[in-house]
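Please read the structure below before turning to the comments.
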Amino acid sequence: MPIFRRTLADGSDDELIREEPLLIAAGGAEVLTMRTPGRDEDLALGFLLSEGVIPSAAAVTGMHATPGDPAARTPDRIDVALTGVDAAHVRGRLTRTHEIRTSCGACGLTDVDTLLEGAPPCLAGVPKVTHALLQRLRADFEARQELFARTGACHGAALYDGHGTLLGFAEDVGRHNALDKAIGQAARGGAALRRAIALLSGRAGYDLVLKCLRLGVPVILSVSAPSALGFDLCHAAGATLVGFLRQDRAKVYTGAERITG
């Protein structure tokens, strides 16, 4: 279970979200993240895709999970076997990964074109999204956030197709992990991510926006505001960015041509 019960100072019990380490190993490199246990294969696949480490899910030929040993202070581990990917490229991308590693791979890199290097162009004009669909996605997303409803301490992310069909959904103590798990689930199902809609539970910071744009996701929705760099990235990529997606409310920041009705 991704939840622990703990006894509070007043003697009552409460449900708290689990937060435990996972080591992801691929191409001779390793990265460590704190995540909510569960769906580690989705997390690993989504992470490798969203960080530009691998070009597609087909590059993964297998995964092997090894439970950690608290007595030996070793974390849970997942080893990913890859094919058709240069090992030096894998190590280079993982070394630059700032979301998980303590060294920030984006420090000093504020040029939008540099950050978008390697990202596919967004398909023009697709999908078309009505305001009614925005509200339907928001309601569906909120209904799925069971862990948040129980603990109030986790993030959520979802991917939908242009008709509102769910492609991937996840909750996790880490906002990057939640998105990576949702991406991994969608990729496993063969989803056409270049026609997908991403929905984020928090702000649309540049880091989450960049994960989506690296996969060509053309519509990014957030229940909160974007950052200025998140805005600039979407504007440069031709993506649609919608913030403050609340009941009967949505603020379109970029790519208004995809919003209809």
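Labels used: A, B, ... for chains in the order of the structure tokens, numbers from 1 for residues in each chain, and numbers from 1 for ligands as shown.
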Could the residues of segment 166-188 of chain A that have an atom at most 7 Å from segment 36-43 of chain A be listed as CSV, each with its closest atom pair and the distance in Å to one decimal, counting only C-alpha atoms and ordered by chain and ascending residue number?
```
residue,atom,partner,partner_atom,distance
A:Asp172,CA,A:Thr36,CA,5.2
A:Val173,CA,A:Thr36,CA,5.6
A:Asn177,CA,A:Leu43,CA,6.3
A:Asp180,CA,A:Leu43,CA,5.2
A:Lys181,CA,A:Leu43,CA,4.2
A:Gly184,CA,A:Asp42,CA,4.3
A:Gln185,CA,A:Asp42,CA,5.6
```
If we count only C-alpha atoms and set the cut-off at 9 Å, which residues sit around Glu15 of chain A, ignoring sequence neighbours fewer than 3 positions away in its own chain? Please answer as an MDAnalysis selection string.
chainID A and resid 3:6 150:151
For the structure I just gave you, how does DSSP split segment 42-218 of chain A - specifically, which residues are helix (DSSP H, G or I)? Reply as number ranges by chain.
A: 42-50, 57-59, 70-72, 87-95, 112-115, 131-144, 146-151, 175-188, 193-195, 206-214
Selection above as a file: C-alpha atoms, as a CSV table (one decimal), in the first residue's frame:
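Saved as out_31.csv:
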```csv
chain,number,residue,atom,x,y,z
A,42,ASP,CA,6.0,3.0,-15.4
A,43,LEU,CA,8.2,5.5,-13.5
A,44,ALA,CA,11.4,4.2,-15.1
A,45,LEU,CA,10.0,4.1,-18.6
A,46,GLY,CA,8.3,7.5,-18.4
A,47,PHE,CA,11.5,9.0,-16.9
A,48,LEU,CA,13.7,7.7,-19.6
A,49,LEU,CA,11.3,9.0,-22.3
A,50,SER,CA,10.6,12.4,-20.8
A,57,ALA,CA,9.4,2.6,-25.5
A,58,ALA,CA,10.8,0.1,-28.1
A,59,ALA,CA,14.3,0.9,-26.8
A,70,PRO,CA,16.7,-1.5,5.0
A,71,ALA,CA,19.1,-3.3,7.2
A,72,ALA,CA,21.9,-2.9,4.6
A,87,ALA,CA,25.6,4.3,-23.9
A,88,ALA,CA,27.4,7.6,-23.9
A,89,HIS,CA,24.2,9.4,-24.8
A,90,VAL,CA,22.4,7.6,-21.9
A,91,ARG,CA,25.0,8.5,-19.4
A,92,GLY,CA,25.2,12.1,-20.6
A,93,ARG,CA,21.4,12.6,-20.4
A,94,LEU,CA,21.2,11.0,-16.9
A,95,THR,CA,24.1,13.1,-15.6
A,112,VAL,CA,14.5,28.4,-24.7
A,113,ASP,CA,16.0,26.9,-27.9
A,114,THR,CA,18.7,25.2,-26.0
A,115,LEU,CA,16.2,23.6,-23.6
A,131,HIS,CA,-14.2,24.3,-22.9
A,132,ALA,CA,-16.7,21.6,-22.2
A,133,LEU,CA,-13.9,19.0,-22.6
A,134,LEU,CA,-11.6,21.0,-20.3
A,135,GLN,CA,-14.2,20.8,-17.6
A,136,ARG,CA,-14.8,17.1,-18.2
A,137,LEU,CA,-11.1,16.3,-17.9
A,138,ARG,CA,-10.8,18.4,-14.7
A,139,ALA,CA,-13.7,16.5,-13.1
A,140,ASP,CA,-12.4,13.1,-14.2
A,141,PHE,CA,-8.9,14.0,-12.9
A,142,GLU,CA,-10.2,15.2,-9.5
A,143,ALA,CA,-12.3,12.0,-9.1
A,144,ARG,CA,-9.2,9.9,-9.7
A,146,GLU,CA,-7.7,9.0,-4.3
A,147,LEU,CA,-4.4,9.3,-2.6
A,148,PHE,CA,-4.6,13.1,-2.4
A,149,ALA,CA,-8.1,12.9,-1.0
A,150,ARG,CA,-6.8,10.6,1.7
A,151,THR,CA,-3.5,12.2,2.5
A,175,ARG,CA,5.3,15.8,-9.1
A,176,HIS,CA,8.0,14.7,-11.6
A,177,ASN,CA,7.4,11.0,-10.7
A,178,ALA,CA,3.6,11.4,-11.1
A,179,LEU,CA,4.0,12.7,-14.6
A,180,ASP,CA,6.7,10.1,-15.5
A,181,LYS,CA,4.4,7.3,-14.2
A,182,ALA,CA,1.5,8.6,-16.3
A,183,ILE,CA,3.8,8.9,-19.4
A,184,GLY,CA,5.1,5.4,-18.8
A,185,GLN,CA,1.6,4.0,-18.6
A,186,ALA,CA,0.5,5.8,-21.8
A,187,ALA,CA,3.6,4.7,-23.7
A,188,ARG,CA,3.1,1.1,-22.7
A,193,LEU,CA,1.5,11.3,-27.3
A,194,ARG,CA,2.0,13.9,-30.1
A,195,ARG,CA,-1.8,14.2,-30.1
A,206,TYR,CA,9.4,24.6,-16.9
A,207,ASP,CA,10.6,21.2,-15.8
A,208,LEU,CA,7.2,19.5,-16.1
A,209,VAL,CA,6.4,21.4,-19.3
A,210,LEU,CA,9.7,20.4,-20.8
A,211,LYS,CA,9.0,16.7,-20.1
A,212,CYS,CA,5.8,17.0,-22.1
A,213,LEU,CA,7.4,18.9,-24.9
A,214,ARG,CA,10.2,16.4,-25.3
```
Would you please work out which residue, of A:Asp79, A:Ile220, A:Ala196, A:His64, is nearest to Gly28 of chain A when using only C-alpha atoms?
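Result for the nearest residue to Gly28 of chain A: A:Asp79.
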Tell me which of A:Val80, A:Leu241, A:Ala191, A:Cys154 sits closest to Leu16 of chain A, counting only C-alpha atoms.
A:Cys154
Would you mind reading off the distance between atom CA of Phe244 of chain A and atom CA of Leu215 of chain A, one decimal, in Å?
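Those two atoms sit 23.2 Å apart.
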